[in-house]
Structures are given as structure tokens and as C-alpha cells.
Amino acid sequence: MENLVRKARNGDADAFIKLMRLQQQNLYRTSRAILSNEEDAADAISETVLTCWEKMKGLKKDKYFRTWMTRILINKCNDILRKKEKLLFTEQIPEIETTDEGYQNAEWIEVLQMLEEKYRLVVILYYVDGFRTTEISRILDVPVSTVCTQLARARKILADNYCPKPEQHADRKREGAICYEKAQEE
């Protein structure tokens, strides 16, 4: 990949196109983690690709291309969110989304939507895009400890919502035993 980055930095359009195709899934997943619909995600991705091409010569180290590109994408997504906040809709029409990946994709999106954006973004960058915590720290411009804390909190939120705690079962058994004992006494 660094070879493609080097060629793209030198103005090779074909190398840049290949590079963007390699990053297409990462761009999509990250943008969908932040933005709620396909059209906004597509807009953010296209603006990111254009910005990357225009500023490619400003990239200092080839090995940080993915981090640099992801930071640009996050900024573009945040720009779209800010623009949407300024718009006032008088009539809201529900959007019906279709997915080719079916139920599994819908469940994944539902799981991600239960997380606040700051946790959702870190989870996508870490588990889906494969960035290390130090890279995420650079992308989001936050300390590594913040990234680790956000990952831990996201895991806890997901665990609390999807994995019943053993003590919850113990409480239910205990309550059942108490009810059974009371019924025996009467």
C-alpha cells in the first residue's frame, strides 16, 4: 500500500484510484458509524476522496495514509452533521432503508445505534477497520487512555444489553425460592 501512496503523492491518478478502491469498505463502515443514512455517507466519502486527492502532497509519511484519510472522513462526516443540525424540517418523512446483507447487517446497525457516537466510532475503528488504539488516538486527536476508556465503556454497554449477568439469574432463582417457601407456609 505504501508504494501506491508514494505514487499517488507524485500525482499518479491510477495509483490513487487503486488506493481508494482498497479503502472503500473502511470508508463506508466508518462513515455509516457516524451518519445515519446512505446518502450522507456517500457524500462524506466522495468529499473525502476529493480532499485526499487535492491534499495528497501534504501527507508527510506514507505509512500514516489510512490514519490521515480516516481523520479527513470523520471531519467531513461531522461537517454534514453540523449542516443537518442547522436545517429545520417542517415535515419529516421516515426513510426506509434497504440492505443487501439482510438481517445480520440490520442487527449490527441496531447494536451500533445503541452506542453514543463517540463509543460507536471507536468500536468501528478498532474492531471493524482494525486500527490500533494509538492510531485511533491520532485520528480522533484524543489521548490513548481516552480511546481505551471509550472501548471499555462501549463493551460494558453492549455486554449489559446483550449478556444477562449471572447475579440477575441468581436473584430470580432466589425470588422464586422465596415465593415457593411462602407458598409452602400458607
# chains A, B, ... in the order shown; residues from 1 in each chain; ligands from 1
$ residues_around --residues "range 32-42 of chain A" --least-positions-apart "6" --cutoff "8 Å" --atoms "only C-alpha atoms" --output "JSON list (two decimals) with C-alpha atoms, in the first residue's frame"
[["chain", "number", "residue", "atom", "x", "y", "z"],
["A", 74, "ILE", "CA", -14.50, 11.96, 10.24],
["A", 77, "CYS", "CA", -18.98, 13.45, 8.49],
["A", 80, "ILE", "CA", -22.51, 17.02, 7.37],
["A", 81, "LEU", "CA", -23.92, 16.55, 10.88],
["A", 97, "GLU", "CA", -33.51, 1.75, 4.16],
["A", 112, "LEU", "CA", -24.12, 0.18, 16.96],
["A", 117, "GLU", "CA", -21.40, 8.36, 18.66],
["A", 120, "ARG", "CA", -19.66, 3.80, 18.16],
["A", 121, "LEU", "CA", -16.85, 5.47, 16.24],
["A", 124, "ILE", "CA", -15.85, 0.73, 14.32]]
$ residues_around --residues "Cys52 in chain A" --least-positions-apart "6" --cutoff "10 Å" --atoms "only C-alpha atoms" --output "VMD selection string"
chain A and resid 8 to 9 16 20 46 58 to 59 65 68 to 69 72 to 73
